[in-house]
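Participant: Please see the structure below; I have some questions.
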Amino acid sequence: AGVSLRTLWTNFKDMETLFEASGAELLRQQDAAWQPVPPTLPLARRVDAYCRQRAKLLQLIAPSARAAQMREPLSPQLHRNRLKHIDRVRDEVEQLFAAELDRAGAGREQLVHALVATSMWPTWAMLRDGLGLGVDQARAVMARTVAALLADPQGD
């Protein structure tokens with residue numbers, strides 16, 4: 001990155017402080033790239049727009065997510081960073097698919113968990129790295145999964 005180790009450690013007292021700053025920068029980049037999907041769109045269009053945006057954001061964080069994945073078990077800050085991403089996705093899911101979630105009744109929380117898990121880095125990494133899918137193929141799998149979950153919100 002063109003930064004000397006001395007400069008790096010002058011600005012950050014330890015790795016946890018560096019992880020905190022890099023996590024904040026990653027969230028800032030995601031905020032700049034994120035565009036709200038109107039919850040008034042028909043379900044199929046909401047699913048498509050949501051999955052297109054998730055694919056874009058997951059590709060944006062891919063290098064950082066891969067690096068963080070290795071160190072997270074030993075880093076409380078990286079764990080906190082991941083929880084922030086989970087909360088953001090959960091909030092978006094709950095707003096964008098509120099009508100479908102309301103129809104889920106007692107299964108609402110389970111449906112939210114399924115949608116969030118489908119939309120997060122570990123699933124994306126499996127599609128891209130584990131299965132070797134291209135971005136468009138991985139996005140299509142995500143869209144199919146999200147659509148299937150929402151087609152039967154009660155899980156019957």
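Convention: chains lettered A, B, ... in structure tokens order; per-chain residue numbering from 1; ligands numbered from 1 as shown.
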Residues near region 121-125 of chain A, anyone? I mean within 8 Å using only C-alpha atoms, not counting same-chain ones fewer than 5 positions away, as a list in words.
Facilitator: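 Contacts, in chain order: Leu58, Ala62, Ala65, Gly130 and Ala138 of chain A.
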Participant: Set out as CSV a contact list for region 112-134 of chain A and region 66-87 of chain A with a cut-off of 12 Å, giving each residue of region 112-134 of chain A that qualifies its closest atom pair and distance in Å to one decimal, counting only C-alpha atoms, ordered by chain and rising residue number.
Facilitator:
```
residue,atom,partner,partner_atom,distance
A:Val112,CA,A:Ile86,CA,11.3
A:His113,CA,A:Ile86,CA,10.1
A:Leu115,CA,A:Ile86,CA,11.0
A:Val116,CA,A:Ile86,CA,7.3
A:Ala117,CA,A:Ile86,CA,8.7
A:Thr118,CA,A:Ile86,CA,11.2
A:Ser119,CA,A:Ile86,CA,9.3
A:Met120,CA,A:Ile86,CA,7.4
A:Trp121,CA,A:Arg66,CA,9.0
A:Pro122,CA,A:Gln69,CA,9.1
A:Trp124,CA,A:Arg66,CA,11.1
A:Ala125,CA,A:Arg66,CA,8.4
A:Met126,CA,A:Arg66,CA,11.6
A:Arg128,CA,A:Arg66,CA,11.8
A:Asp129,CA,A:Arg66,CA,10.4
```
Participant: Restricting the calculation to only C-alpha atoms, which member of A:Ala148, A:Ala49, A:Met15, A:Met142 is positioned closest to Gln35 (chain A)?
Facilitator: A:Ala49
Participant: Contacts between region 42-46 of chain A and region 131-151 of chain A, please, where a residue of region 131-151 of chain A counts if it comes within 12 Å (with only C-alpha atoms); show its shortest atom pair and distance in Å to one decimal, rows by chain and ascending number, as a tab-separated table.
Facilitator:
```
residue	atom	partner	partner_atom	distance
A:Ala143	CA	A:Ala44	CA	9.2
A:Arg144	CA	A:Ala44	CA	10.2
A:Val146	CA	A:Ala44	CA	9.9
A:Ala147	CA	A:Ala44	CA	7.3
A:Ala148	CA	A:Ala44	CA	10.7
A:Leu149	CA	A:Leu43	CA	11.8
A:Leu150	CA	A:Leu43	CA	8.6
A:Ala151	CA	A:Leu43	CA	9.2
```
Participant: From the list A:Leu133, A:Ala140, A:Leu101, A:Leu27, which residue is nearest Ser64 (chain A) when using only C-alpha atoms?
Facilitator: A:Leu27
Participant: With distances taken over only C-alpha atoms, which residue among A:Leu127, A:Ala21, A:Val135, A:Leu41 lies nearest Gln53 (chain A)?
Facilitator: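 Counting only C-alpha atoms, the residue closest to Gln53 (chain A) is A:Val135.
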Participant: Among chain A, which residues carry a DSSP assignment of helix (DSSP H, G or I), reported as number ranges by chain?
Facilitator: A: 5-11, 15-33, 43-74, 76-96, 98-103, 105-118, 121-130, 135-151
Participant: Which residue out of A:Val93, A:Gln30, A:Val37, A:Cys51 has the minimum interatomic distance to Val141 (chain A) when only C-alpha atoms are used?
Facilitator: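 Of all the options, A:Cys51 lies closest to Val141 (chain A).
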Participant: Report the distance between CA of Ala114 (chain A) and CA of Arg54 (chain A) in Å, rounded to one decimal place.
Facilitator: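 Interatomic distance here is 15.0 Å.
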